[in-house]
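Visitor: Just my_file-v7.pdb, nothing more (PDB, C-alpha atoms):
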```
ATOM      1  CA  MET O 660      -6.477 -63.618  17.753
ATOM      2  CA  ASN O 661      -6.182 -62.082  14.327
ATOM      3  CA  GLU O 662      -9.554 -60.438  14.676
ATOM      4  CA  GLU O 663      -8.469 -58.818  17.914
ATOM      5  CA  THR O 664      -5.335 -57.456  16.249
ATOM      6  CA  THR O 665      -7.351 -56.057  13.355
ATOM      7  CA  GLU O 666      -9.851 -54.450  15.675
ATOM      8  CA  SER O 667      -7.205 -52.807  17.798
ATOM      9  CA  THR O 668      -5.470 -51.136  14.818
ATOM     10  CA  ALA O 669      -8.597 -49.992  12.975
ATOM     11  CA  PRO O 670      -9.713 -46.392  13.556
ATOM     12  CA  THR O 671     -12.803 -47.423  15.496
ATOM     13  CA  GLY O 672     -12.551 -44.359  17.725
ATOM     14  CA  MET O 673     -12.967 -41.854  14.895
ATOM     15  CA  ILE O 674     -14.746 -38.744  16.139
ATOM     16  CA  GLN O 675     -18.167 -38.372  14.549
ATOM     17  CA  GLY O 676     -19.565 -34.979  13.605
ATOM     18  CA  GLY O 677     -17.970 -31.902  15.080
ATOM     19  CA  TRP O 678     -18.673 -29.691  12.069
ATOM     20  CA  GLU O 679     -19.762 -26.869  14.378
ATOM     21  CA  TYR O 680     -16.173 -26.591  15.616
ATOM     22  CA  VAL O 681     -14.856 -26.678  12.049
ATOM     23  CA  TRP O 682     -17.205 -23.900  10.906
ATOM     24  CA  GLY O 683     -16.444 -21.986  14.086
ATOM     25  CA  ALA O 684     -12.686 -22.089  13.482
ATOM     26  CA  TYR O 685     -12.966 -21.129   9.800
ATOM     27  CA  GLY O 686     -15.728 -18.576  10.377
ATOM     28  CA  ILE O 687     -13.935 -16.682  13.130
ATOM     29  CA  SER O 688     -10.688 -16.731  11.150
ATOM     30  CA  TRP O 689     -12.318 -15.380   7.995
ATOM     31  CA  VAL O 690     -14.304 -12.685   9.791
ATOM     32  CA  VAL O 691     -11.245 -11.437  11.694
ATOM     33  CA  LEU O 692      -8.984 -11.546   8.628
ATOM     34  CA  VAL O 693     -11.540  -9.779   6.413
ATOM     35  CA  ALA O 694     -12.030  -7.087   9.068
ATOM     36  CA  PHE O 695      -8.266  -6.539   9.425
ATOM     37  CA  THR O 696      -7.849  -6.511   5.638
ATOM     38  CA  VAL O 697     -10.472  -3.757   5.290
ATOM     39  CA  PHE O 698      -8.862  -1.827   8.160
ATOM     40  CA  ALA O 699      -5.342  -2.151   6.708
ATOM     41  CA  VAL O 700      -6.376  -1.138   3.169
ATOM     42  CA  ARG O 701      -8.409   1.844   4.370
ATOM     43  CA  LYS O 702      -5.619   3.050   6.669
ATOM     44  CA  ALA O 703      -3.006   2.706   3.935
ATOM     45  CA  LEU O 704      -5.184   4.686   1.526
ATOM     46  CA  THR O 705      -6.259   7.412   3.963
ATOM     47  CA  THR O 706      -2.723   8.105   5.207
ATOM     48  CA  GLN O 707      -1.349   8.478   1.675
ATOM     49  CA  GLY O 708      -2.078  12.163   1.556
ATOM     50  CA  ALA O 709      -1.093  12.808   5.164
ATOM     51  CA  THR O 710       2.325  14.113   4.286
TER      52      THR O 710
ATOM     53  CA  MET N1177      -2.217   4.969  -5.062
ATOM     54  CA  THR N1178       1.498   4.581  -4.419
ATOM     55  CA  THR N1179       3.565   1.614  -5.604
ATOM     56  CA  SER N1180       3.914   0.140  -2.113
ATOM     57  CA  VAL N1181       0.154   0.240  -1.547
ATOM     58  CA  LYS N1182      -0.457  -1.333  -4.961
ATOM     59  CA  LEU N1183       2.096  -4.058  -4.258
ATOM     60  CA  GLY N1184       0.712  -4.705  -0.786
ATOM     61  CA  THR N1185      -2.857  -4.910  -2.081
ATOM     62  CA  ALA N1186      -1.861  -7.249  -4.931
ATOM     63  CA  THR N1187       0.000  -9.535  -2.500
ATOM     64  CA  LEU N1188      -2.999  -9.488  -0.202
ATOM     65  CA  ILE N1189      -5.399 -10.420  -3.017
ATOM     66  CA  LEU N1190      -3.124 -13.287  -4.092
ATOM     67  CA  GLY N1191      -3.048 -14.477  -0.490
ATOM     68  CA  TRP N1192      -6.830 -14.400  -0.209
ATOM     69  CA  VAL N1193      -7.266 -16.333  -3.467
ATOM     70  CA  LEU N1194      -4.845 -19.060  -2.345
ATOM     71  CA  VAL N1195      -6.403 -19.238   1.121
ATOM     72  CA  ALA N1196      -9.879 -19.567  -0.391
ATOM     73  CA  ILE N1197      -8.700 -22.401  -2.662
ATOM     74  CA  GLY N1198      -6.781 -24.162   0.121
ATOM     75  CA  HIS N1199      -9.647 -23.899   2.591
ATOM     76  CA  GLY N1200     -12.173 -24.955  -0.053
ATOM     77  CA  ILE N1201     -10.206 -28.132  -0.824
ATOM     78  CA  GLY N1202      -9.627 -28.763   2.867
ATOM     79  CA  LEU N1203     -13.306 -28.406   3.713
ATOM     80  CA  PHE N1204     -14.984 -30.068   0.752
ATOM     81  CA  VAL N1205     -12.501 -32.268  -1.133
ATOM     82  CA  ALA N1206      -9.894 -33.658   1.269
ATOM     83  CA  PRO N1207     -10.823 -36.888   3.080
ATOM     84  CA  PRO N1208     -11.715 -36.875   6.793
ATOM     85  CA  GLU N1209      -8.776 -37.473   9.124
ATOM     86  CA  ALA N1210      -8.415 -41.124  10.173
ATOM     87  CA  MET N1211      -9.008 -40.577  13.894
ATOM     88  CA  MET N1212     -10.460 -37.098  14.179
ATOM     89  CA  GLY N1213     -12.896 -37.388  11.290
ATOM     90  CA  ASP N1214     -14.197 -34.090   9.913
ATOM     91  CA  VAL N1215     -12.884 -32.204  12.948
ATOM     92  CA  GLY N1216      -9.421 -32.805  11.490
ATOM     93  CA  ARG N1217     -10.239 -30.274   8.744
ATOM     94  CA  ILE N1218      -9.311 -27.534  11.196
ATOM     95  CA  LEU N1219      -5.746 -28.546  10.271
ATOM     96  CA  TYR N1220      -5.930 -26.475   7.046
ATOM     97  CA  VAL N1221      -6.614 -23.240   8.861
ATOM     98  CA  HIS N1222      -4.802 -23.838  12.146
ATOM     99  CA  VAL N1223      -1.419 -25.109  10.970
ATOM    100  CA  PRO N1224      -0.844 -22.424   8.264
ATOM    101  CA  THR N1225      -1.851 -19.757  10.777
ATOM    102  CA  ALA N1226       0.700 -21.138  13.240
ATOM    103  CA  TRP N1227       3.506 -21.360  10.672
ATOM    104  CA  VAL N1228       2.911 -17.843   9.397
ATOM    105  CA  ALA N1229       2.466 -16.361  12.891
ATOM    106  CA  LEU N1230       5.901 -17.659  13.890
ATOM    107  CA  SER N1231       7.402 -16.488  10.574
ATOM    108  CA  THR N1232       5.908 -13.022  11.049
ATOM    109  CA  PHE N1233       7.386 -12.763  14.525
ATOM    110  CA  LEU N1234      10.742 -13.801  13.048
ATOM    111  CA  ALA N1235      10.365 -10.939  10.560
ATOM    112  CA  ALA N1236       9.523  -8.600  13.454
ATOM    113  CA  PHE N1237      12.686  -9.719  15.248
ATOM    114  CA  ILE N1238      14.819  -8.985  12.167
ATOM    115  CA  CYS N1239      13.159  -5.577  11.740
ATOM    116  CA  ALA N1240      13.771  -4.796  15.427
ATOM    117  CA  ILE N1241      17.483  -5.516  15.009
ATOM    118  CA  GLY N1242      17.488  -3.334  11.895
ATOM    119  CA  SER N1243      15.714  -0.616  13.846
ATOM    120  CA  LEU N1244      18.366  -0.632  16.563
ATOM    121  CA  ALA N1245      21.297  -0.948  14.186
ATOM    122  CA  GLY N1246      20.153   1.369  11.406
ATOM    123  CA  SER N1247      19.039   4.932  11.281
ATOM    124  CA  ARG N1248      16.083   4.637   8.910
ATOM    125  CA  TRP N1249      12.642   5.059  10.390
ATOM    126  CA  GLY N1250      11.237   2.465   8.008
ATOM    127  CA  TRP N1251      12.645  -0.269  10.287
ATOM    128  CA  ASP N1252      10.538   1.016  13.157
ATOM    129  CA  ALA N1253       7.416   1.070  10.988
ATOM    130  CA  ALA N1254       8.223  -2.448   9.749
ATOM    131  CA  THR N1255       8.737  -3.706  13.308
ATOM    132  CA  VAL N1256       5.366  -2.488  14.543
ATOM    133  CA  ALA N1257       3.609  -3.618  11.332
ATOM    134  CA  THR N1258       4.929  -7.184  11.623
ATOM    135  CA  VAL N1259       4.203  -7.337  15.353
ATOM    136  CA  GLU N1260       0.602  -6.290  14.653
ATOM    137  CA  VAL N1261       0.083  -8.925  11.966
ATOM    138  CA  GLY N1262       1.852 -11.615  14.007
ATOM    139  CA  LEU N1263      -0.298 -10.820  17.014
ATOM    140  CA  LEU N1264      -3.447 -11.029  14.918
ATOM    141  CA  LEU N1265      -2.433 -14.498  13.708
ATOM    142  CA  ASN N1266      -1.370 -15.497  17.225
ATOM    143  CA  GLY N1267      -4.845 -14.613  18.512
ATOM    144  CA  LEU N1268      -6.493 -16.609  15.736
ATOM    145  CA  LEU N1269      -4.152 -19.491  16.447
ATOM    146  CA  LEU N1270      -5.304 -19.683  20.055
ATOM    147  CA  VAL N1271      -9.007 -19.535  19.125
ATOM    148  CA  GLN N1272      -8.659 -22.152  16.369
ATOM    149  CA  GLY N1273      -6.643 -24.382  18.702
ATOM    150  CA  SER N1274      -9.280 -24.125  21.433
ATOM    151  CA  LEU N1275     -12.027 -25.030  18.966
ATOM    152  CA  TRP N1276      -9.988 -28.037  17.832
ATOM    153  CA  ALA N1277      -9.125 -29.060  21.387
ATOM    154  CA  ARG N1278     -12.733 -29.291  22.581
ATOM    155  CA  PRO N1279     -13.867 -32.218  20.380
ATOM    156  CA  THR N1280     -10.488 -33.986  20.409
ATOM    157  CA  TRP N1281      -9.175 -33.452  23.951
ATOM    158  CA  GLY N1282     -12.486 -32.758  25.685
ATOM    159  CA  VAL N1283     -11.533 -29.261  26.863
ATOM    160  CA  PHE N1284     -11.178 -25.848  25.246
ATOM    161  CA  TRP N1285      -7.993 -25.137  27.139
ATOM    162  CA  THR N1286      -5.315 -27.013  29.036
ATOM    163  CA  TRP N1287      -1.933 -25.884  30.315
ATOM    164  CA  ASP N1288      -0.015 -27.937  27.777
ATOM    165  CA  PRO N1289       3.461 -26.467  27.079
ATOM    166  CA  ARG N1290       2.623 -25.629  23.431
ATOM    167  CA  LEU N1291      -0.594 -23.873  24.411
ATOM    168  CA  THR N1292       0.951 -22.100  27.372
ATOM    169  CA  THR N1293       3.968 -20.830  25.442
ATOM    170  CA  SER N1294       1.663 -19.688  22.607
ATOM    171  CA  ALA N1295      -0.437 -17.716  25.105
ATOM    172  CA  VAL N1296       2.734 -16.207  26.584
ATOM    173  CA  MET N1297       3.796 -15.265  23.038
ATOM    174  CA  ALA N1298       0.525 -13.368  22.522
ATOM    175  CA  LEU N1299       0.899 -11.579  25.862
ATOM    176  CA  ALA N1300       4.536 -10.697  25.151
ATOM    177  CA  PHE N1301       3.880  -9.202  21.710
ATOM    178  CA  GLY N1302       0.692  -7.551  22.949
ATOM    179  CA  SER N1303       2.855  -5.867  25.580
ATOM    180  CA  VAL N1304       5.150  -4.574  22.837
ATOM    181  CA  LEU N1305       2.260  -2.642  21.274
ATOM    182  CA  LEU N1306       1.018  -1.531  24.690
ATOM    183  CA  LEU N1307       4.415  -0.183  25.740
ATOM    184  CA  ARG N1308       4.891   1.474  22.358
ATOM    185  CA  GLY N1309       1.618   3.295  22.858
ATOM    186  CA  LEU N1310       2.828   4.671  26.181
ATOM    187  CA  VAL N1311       5.913   6.411  24.749
ATOM    188  CA  GLU N1312       5.318   9.644  22.842
ATOM    189  CA  GLU N1313       8.820  10.724  21.885
ATOM    190  CA  PRO N1314       9.500   9.000  18.497
ATOM    191  CA  ALA N1315      13.185   8.134  18.978
ATOM    192  CA  ARG N1316      12.591   6.678  22.438
ATOM    193  CA  ARG N1317       9.492   4.859  21.197
ATOM    194  CA  ARG N1318      11.524   3.307  18.415
ATOM    195  CA  THR N1319      14.156   2.001  20.859
ATOM    196  CA  VAL N1320      11.537   0.708  23.303
ATOM    197  CA  THR N1321       9.651  -1.080  20.496
ATOM    198  CA  ALA N1322      12.809  -2.717  19.138
ATOM    199  CA  ILE N1323      14.118  -3.893  22.521
ATOM    200  CA  CYS N1324      10.708  -5.206  23.629
ATOM    201  CA  THR N1325      10.275  -7.051  20.318
ATOM    202  CA  ILE N1326      13.672  -8.721  20.701
ATOM    203  CA  VAL N1327      12.828  -9.731  24.295
ATOM    204  CA  ALA N1328       9.393 -11.043  23.236
ATOM    205  CA  PHE N1329      10.975 -13.051  20.420
ATOM    206  CA  VAL N1330      13.017 -15.109  22.889
ATOM    207  CA  ASN N1331       9.856 -17.146  23.490
ATOM    208  CA  VAL N1332       9.229 -17.907  19.801
ATOM    209  CA  PRO N1333      11.824 -20.717  19.421
ATOM    210  CA  ILE N1334      10.492 -22.153  22.694
ATOM    211  CA  VAL N1335       6.972 -22.231  21.200
ATOM    212  CA  TYR N1336       8.324 -23.976  18.116
ATOM    213  CA  MET N1337      10.366 -26.554  20.011
ATOM    214  CA  SER N1338       7.886 -27.107  22.847
ATOM    215  CA  VAL N1339       6.334 -30.176  21.192
ATOM    216  CA  LYS N1340       9.782 -31.754  20.926
ATOM    217  CA  TRP N1341      11.093 -30.774  24.349
ATOM    218  CA  TRP N1342       7.932 -31.651  26.274
ATOM    219  CA  ARG N1343       6.104 -34.463  24.521
ATOM    220  CA  THR N1344       2.715 -33.942  26.123
ATOM    221  CA  LEU N1345      -0.798 -33.487  24.740
ATOM    222  CA  HIS N1346      -0.197 -31.349  21.642
ATOM    223  CA  GLN N1347       0.863 -33.319  18.590
ATOM    224  CA  ASP N1348       4.327 -33.133  17.057
ATOM    225  CA  PHE N1349       5.275 -30.832  14.148
ATOM    226  CA  SER N1350       2.940 -31.006  11.166
ATOM    227  CA  SER N1351       4.723 -31.228   7.825
ATOM    228  CA  PRO N1352       4.121 -32.810   4.405
ATOM    229  CA  ASN N1353       5.856 -35.895   5.846
ATOM    230  CA  THR N1354       3.416 -36.293   8.732
ATOM    231  CA  VAL N1355       0.137 -35.996   6.801
ATOM    232  CA  ASP N1356      -1.424 -38.024   4.017
ATOM    233  CA  SER N1357      -0.624 -36.975   0.439
ATOM    234  CA  TYR N1358      -4.295 -35.998  -0.105
ATOM    235  CA  MET N1359      -3.910 -33.493   2.709
ATOM    236  CA  VAL N1360      -0.587 -32.031   1.596
ATOM    237  CA  HIS N1361      -1.960 -29.899  -1.256
ATOM    238  CA  PRO N1362      -4.647 -27.986   0.656
ATOM    239  CA  LEU N1363      -2.228 -27.572   3.555
ATOM    240  CA  ARG N1364       0.496 -26.224   1.284
ATOM    241  CA  ILE N1365      -1.851 -23.931  -0.677
ATOM    242  CA  SER N1366      -3.354 -22.555   2.538
ATOM    243  CA  ALA N1367       0.115 -22.005   4.004
ATOM    244  CA  PHE N1368       1.341 -20.052   0.962
ATOM    245  CA  GLY N1369      -1.938 -18.126   0.912
ATOM    246  CA  MET N1370      -1.591 -17.196   4.547
ATOM    247  CA  LEU N1371       2.034 -16.195   3.944
ATOM    248  CA  PHE N1372       1.087 -13.879   1.070
ATOM    249  CA  MET N1373      -1.828 -12.500   3.060
ATOM    250  CA  ALA N1374       0.350 -11.734   6.085
ATOM    251  CA  THR N1375       2.981 -10.159   3.818
ATOM    252  CA  GLY N1376       0.369  -7.966   2.125
ATOM    253  CA  LEU N1377      -1.132  -6.907   5.446
ATOM    254  CA  ALA N1378       2.304  -6.124   6.879
ATOM    255  CA  MET N1379       3.182  -4.044   3.797
ATOM    256  CA  LEU N1380      -0.005  -1.990   4.097
ATOM    257  CA  ARG N1381       0.459  -1.492   7.836
ATOM    258  CA  TRP N1382       4.120  -0.566   7.232
ATOM    259  CA  LYS N1383       3.014   2.064   4.767
ATOM    260  CA  ALA N1384       0.475   3.518   7.213
ATOM    261  CA  HIS N1385       2.947   3.534  10.112
ATOM    262  CA  ARG N1386       5.637   5.105   7.954
ATOM    263  CA  GLN N1387       3.284   7.936   7.023
ATOM    264  CA  GLN N1388       2.364   8.430  10.668
ATOM    265  CA  LEU N1389       6.049   8.472  11.649
ATOM    266  CA  ALA N1390       6.736  11.091   8.988
ATOM    267  CA  LEU N1391       4.194  13.307  10.726
ATOM    268  CA  ASP N1392       5.552  12.522  14.197
ATOM    269  CA  ILE N1393       9.189  13.299  13.421
ATOM    270  CA  ARG N1394       8.492  16.366  11.290
ATOM    271  CA  PRO N1395      10.107  19.419  12.914
ATOM    272  CA  PRO N1396       7.569  21.650  14.668
ATOM    273  CA  GLU N1397       6.303  24.540  12.639
ATOM    274  CA  LEU N1398       7.811  27.768  13.930
ATOM    275  CA  PRO N1399       5.730  30.927  14.209
ATOM    276  CA  GLU N1400       6.214  33.360  11.401
ATOM    277  CA  ALA N1401       9.052  35.844  11.849
ATOM    278  CA  PRO N1402       7.857  39.202  13.154
ATOM    279  CA  GLN N1403       7.537  41.934  10.592
ATOM    280  CA  GLN N1404      10.483  44.237  10.275
ATOM    281  CA  VAL N1405      10.133  47.153  12.674
ATOM    282  CA  VAL N1406      11.295  50.513  11.461
ATOM    283  CA  LEU N1407      12.418  52.879  14.193
ATOM    284  CA  PRO N1408      13.281  56.551  13.775
ATOM    285  CA  THR N1409      16.825  57.451  14.788
ATOM    286  CA  GLU N1410      17.974  60.545  16.517
ATOM    287  CA  ALA N1411      19.632  61.798  13.332
ATOM    288  CA  GLY N1412      16.330  61.586  11.534
ATOM    289  CA  GLY N1413      17.144  58.476   9.516
ATOM    290  CA  ILE N1414      15.705  55.098  10.125
ATOM    291  CA  GLU N1415      17.222  51.901  11.337
ATOM    292  CA  ALA N1416      15.966  48.380  11.120
TER     293      ALA N1416
END
```
Any chance you could give the structure as structure tokens?

Guide:
Amino acid sequence: MNEETTESTAPTGMIQGGWEYVWGAYGISWVVLVAFTVFAVRKALTTQGAT
Amino acid sequence: MTTSVKLGTATLILGWVLVAIGHGIGLFVAPPEAMMGDVGRILYVHVPTAWVALSTFLAAFICAIGSLAGSRWGWDAATVATVEVGLLLNGLLLVQGSLWARPTWGVFWTWDPRLTTSAVMALAFGSVLLLRGLVEEPARRRTVTAICTIVAFVNVPIVYMSVKWWRTLHQDFSSPNTVDSYMVHPLRISAFGMLFMATGLAMLRWKAHRQQLALDIRPPELPEAPQQVVLPTEAGGIEA
């Protein structure tokens, strides 16, 4: 009885692996943010002399 | 380099440093999540992105009200700058969420209220930029941008509250109280990093939009006045 209770509360269903999704989420985020950072800095610098 | 560009760049660099530290701890130091295992590490990029996306749209809403109420063009530039940054984060939010959903829910996408309202939020703020691009006259464009931003913002509190109002697939609010203490630090550092990064990006975009607006609202250059014509008069003198 006790064993059943212990088994049912333990995280036996923990997802194994899945690092490809983790790297995908971080990789896409970093690439997009770096690209927008470069774009924003360049635009801010190039428009400085516009007026 | 002007002060606002320097300040924006410094804020951006601080944001990147904090994000790098927060993500580094989240990826390599924090323990795996009890049920999701290593997939749970997406938390440290997804949740800060969501918090800051909603905060940026709140800033856009405030700027839109300022744009309608005030006369300074800086409000208009700030509105479009914050909408741009918020939309960027909103897009990332949806991609990160899909990549987290696949190993945990079994699908990349489902019409869960939180996901659906987040997608509607992206479409609504994307429409703001689209409509702004269609209007050429600066004063009208400013009004259209502000009104559309205010209308689009109506959905933001619904996105936030959706997990409370409809308790479906998406988990409840994430906060320091709902995650283990080992996970709080990377989550907090990443969130502050993302906040500084979004602030820096918005400042730089505000600066660029303000410069563009200065060109747009500058009075048209008039042709040079014709040279004075000297005509002979009947009396032999001249008149201008």

Visitor: Applying 9 Å and only C-alpha atoms, which residues near region 1247-1262 of chain N remain after dropping the ones on its own chain fewer than 6 positions away? List them as a ChimeraX atom specification.

Guide: /N:1228-1241,1298,1301-1302,1304-1305,1308,1317-1319,1321-1322,1325,1374-1375,1377-1390

Visitor: Next, write the just-selected residues to a file, as a PDB file, in the frame of the given file, keeping C-alpha atoms as the atom set.

Guide:
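So out_22.pdb came out as:
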```pdb
ATOM      1  CA  VAL N1228       2.911 -17.843   9.397  1.00  0.00           C
ATOM      2  CA  ALA N1229       2.466 -16.361  12.891  1.00  0.00           C
ATOM      3  CA  LEU N1230       5.901 -17.659  13.890  1.00  0.00           C
ATOM      4  CA  SER N1231       7.402 -16.488  10.574  1.00  0.00           C
ATOM      5  CA  THR N1232       5.908 -13.022  11.049  1.00  0.00           C
ATOM      6  CA  PHE N1233       7.386 -12.763  14.525  1.00  0.00           C
ATOM      7  CA  LEU N1234      10.742 -13.801  13.048  1.00  0.00           C
ATOM      8  CA  ALA N1235      10.365 -10.939  10.560  1.00  0.00           C
ATOM      9  CA  ALA N1236       9.523  -8.600  13.454  1.00  0.00           C
ATOM     10  CA  PHE N1237      12.686  -9.719  15.248  1.00  0.00           C
ATOM     11  CA  ILE N1238      14.819  -8.985  12.167  1.00  0.00           C
ATOM     12  CA  CYS N1239      13.159  -5.577  11.740  1.00  0.00           C
ATOM     13  CA  ALA N1240      13.771  -4.796  15.427  1.00  0.00           C
ATOM     14  CA  ILE N1241      17.483  -5.516  15.009  1.00  0.00           C
ATOM     15  CA  ALA N1298       0.525 -13.368  22.522  1.00  0.00           C
ATOM     16  CA  PHE N1301       3.880  -9.202  21.710  1.00  0.00           C
ATOM     17  CA  GLY N1302       0.692  -7.551  22.949  1.00  0.00           C
ATOM     18  CA  VAL N1304       5.150  -4.574  22.837  1.00  0.00           C
ATOM     19  CA  LEU N1305       2.260  -2.642  21.274  1.00  0.00           C
ATOM     20  CA  ARG N1308       4.891   1.474  22.358  1.00  0.00           C
ATOM     21  CA  ARG N1317       9.492   4.859  21.197  1.00  0.00           C
ATOM     22  CA  ARG N1318      11.524   3.307  18.415  1.00  0.00           C
ATOM     23  CA  THR N1319      14.156   2.001  20.859  1.00  0.00           C
ATOM     24  CA  THR N1321       9.651  -1.080  20.496  1.00  0.00           C
ATOM     25  CA  ALA N1322      12.809  -2.717  19.138  1.00  0.00           C
ATOM     26  CA  THR N1325      10.275  -7.051  20.318  1.00  0.00           C
ATOM     27  CA  ALA N1374       0.350 -11.734   6.085  1.00  0.00           C
ATOM     28  CA  THR N1375       2.981 -10.159   3.818  1.00  0.00           C
ATOM     29  CA  LEU N1377      -1.132  -6.907   5.446  1.00  0.00           C
ATOM     30  CA  ALA N1378       2.304  -6.124   6.879  1.00  0.00           C
ATOM     31  CA  MET N1379       3.182  -4.044   3.797  1.00  0.00           C
ATOM     32  CA  LEU N1380      -0.005  -1.990   4.097  1.00  0.00           C
ATOM     33  CA  ARG N1381       0.459  -1.492   7.836  1.00  0.00           C
ATOM     34  CA  TRP N1382       4.120  -0.566   7.232  1.00  0.00           C
ATOM     35  CA  LYS N1383       3.014   2.064   4.767  1.00  0.00           C
ATOM     36  CA  ALA N1384       0.475   3.518   7.213  1.00  0.00           C
ATOM     37  CA  HIS N1385       2.947   3.534  10.112  1.00  0.00           C
ATOM     38  CA  ARG N1386       5.637   5.105   7.954  1.00  0.00           C
ATOM     39  CA  GLN N1387       3.284   7.936   7.023  1.00  0.00           C
ATOM     40  CA  GLN N1388       2.364   8.430  10.668  1.00  0.00           C
ATOM     41  CA  LEU N1389       6.049   8.472  11.649  1.00  0.00           C
ATOM     42  CA  ALA N1390       6.736  11.091   8.988  1.00  0.00           C
TER      43      ALA N1390
END
```

Visitor: What residues in chain O lie within 7 Å of chain N, counting all atoms listed in the file, written as a list of chain:residue names?

Guide: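 My answer is O:Pro670, O:Gly672, O:Met673, O:Ile674, O:Gln675, O:Gly676, O:Gly677, O:Trp678, O:Tyr680, O:Val681, O:Ala684, O:Tyr685, O:Ser688, O:Thr696, O:Ala699, O:Val700, O:Lys702, O:Ala703, O:Thr706, O:Ala709, O:Thr710.
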
Visitor: The selected residues should be written to file as a CSV table (one decimal), in the coordinates of the input (atoms: C-alpha atoms).

Guide:
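Output file again-v5.csv is given in full below:
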```
chain,number,residue,atom,x,y,z
O,670,PRO,CA,-9.7,-46.4,13.6
O,672,GLY,CA,-12.6,-44.4,17.7
O,673,MET,CA,-13.0,-41.9,14.9
O,674,ILE,CA,-14.7,-38.7,16.1
O,675,GLN,CA,-18.2,-38.4,14.5
O,676,GLY,CA,-19.6,-35.0,13.6
O,677,GLY,CA,-18.0,-31.9,15.1
O,678,TRP,CA,-18.7,-29.7,12.1
O,680,TYR,CA,-16.2,-26.6,15.6
O,681,VAL,CA,-14.9,-26.7,12.0
O,684,ALA,CA,-12.7,-22.1,13.5
O,685,TYR,CA,-13.0,-21.1,9.8
O,688,SER,CA,-10.7,-16.7,11.2
O,696,THR,CA,-7.8,-6.5,5.6
O,699,ALA,CA,-5.3,-2.2,6.7
O,700,VAL,CA,-6.4,-1.1,3.2
O,702,LYS,CA,-5.6,3.0,6.7
O,703,ALA,CA,-3.0,2.7,3.9
O,706,THR,CA,-2.7,8.1,5.2
O,709,ALA,CA,-1.1,12.8,5.2
O,710,THR,CA,2.3,14.1,4.3
```

Visitor: What does the distance from CA of Gly686 (chain O) to CA of Val1296 (chain N) come to in Å, to one decimal?

Guide: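 The value is 24.7 Å.
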
Visitor: In Å, rounded to a single decimal, give me how far CA of Leu1190 (chain N) is from CA of Ser1357 (chain N).

Guide: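 Atom-to-atom, CA of Ser1357 (chain N) and CA of Leu1190 (chain N) are spaced 24.2 Å apart.
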
Visitor: Would you place a box with edges along x, y and z of the file around all atoms of region 698-702 of chain O listed there, add 4 Å to each of its six sides, and report the centre and edge lengths in Å to one decimal, as AutoDock Vina command-line options?

Guide:
```
--center_x -7.1 --center_y 0.4 --center_z 5.7 --size_x 11.5 --size_y 13.2 --size_z 13.0
```

Visitor: Quick one, how far is CA of Ile1323 (chain N) from CA of Leu1244 (chain N)?

Guide: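 That distance, rounded to one decimal, is 8.0 Å.
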
Visitor: Evaluated on this file, the PyMOL selection byres ((chain N and resi 1360) around 12) picks out some residues - which ones are they, written as a VMD selection string?

Guide: chain N and resid 1198 1201 to 1202 1206 to 1207 1219 to 1220 1223 to 1224 1350 to 1359 1361 to 1367

Visitor: At a cut-off of 9 Å, using only C-alpha atoms, what residues contact Tyr1336 (chain N)? Leave out same-chain residues fewer than 5 positions from it and give the result as number ranges by chain.

Guide: N: 1230, 1290, 1331, 1349

Visitor: Of the candidates N:Val1205, N:Leu1310, N:Leu1270, N:Met1297, which one gets nearest to Phe1329 (chain N) if we count only C-alpha atoms?

Guide: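 Closest to Phe1329 (chain N) of all the choices is N:Met1297.
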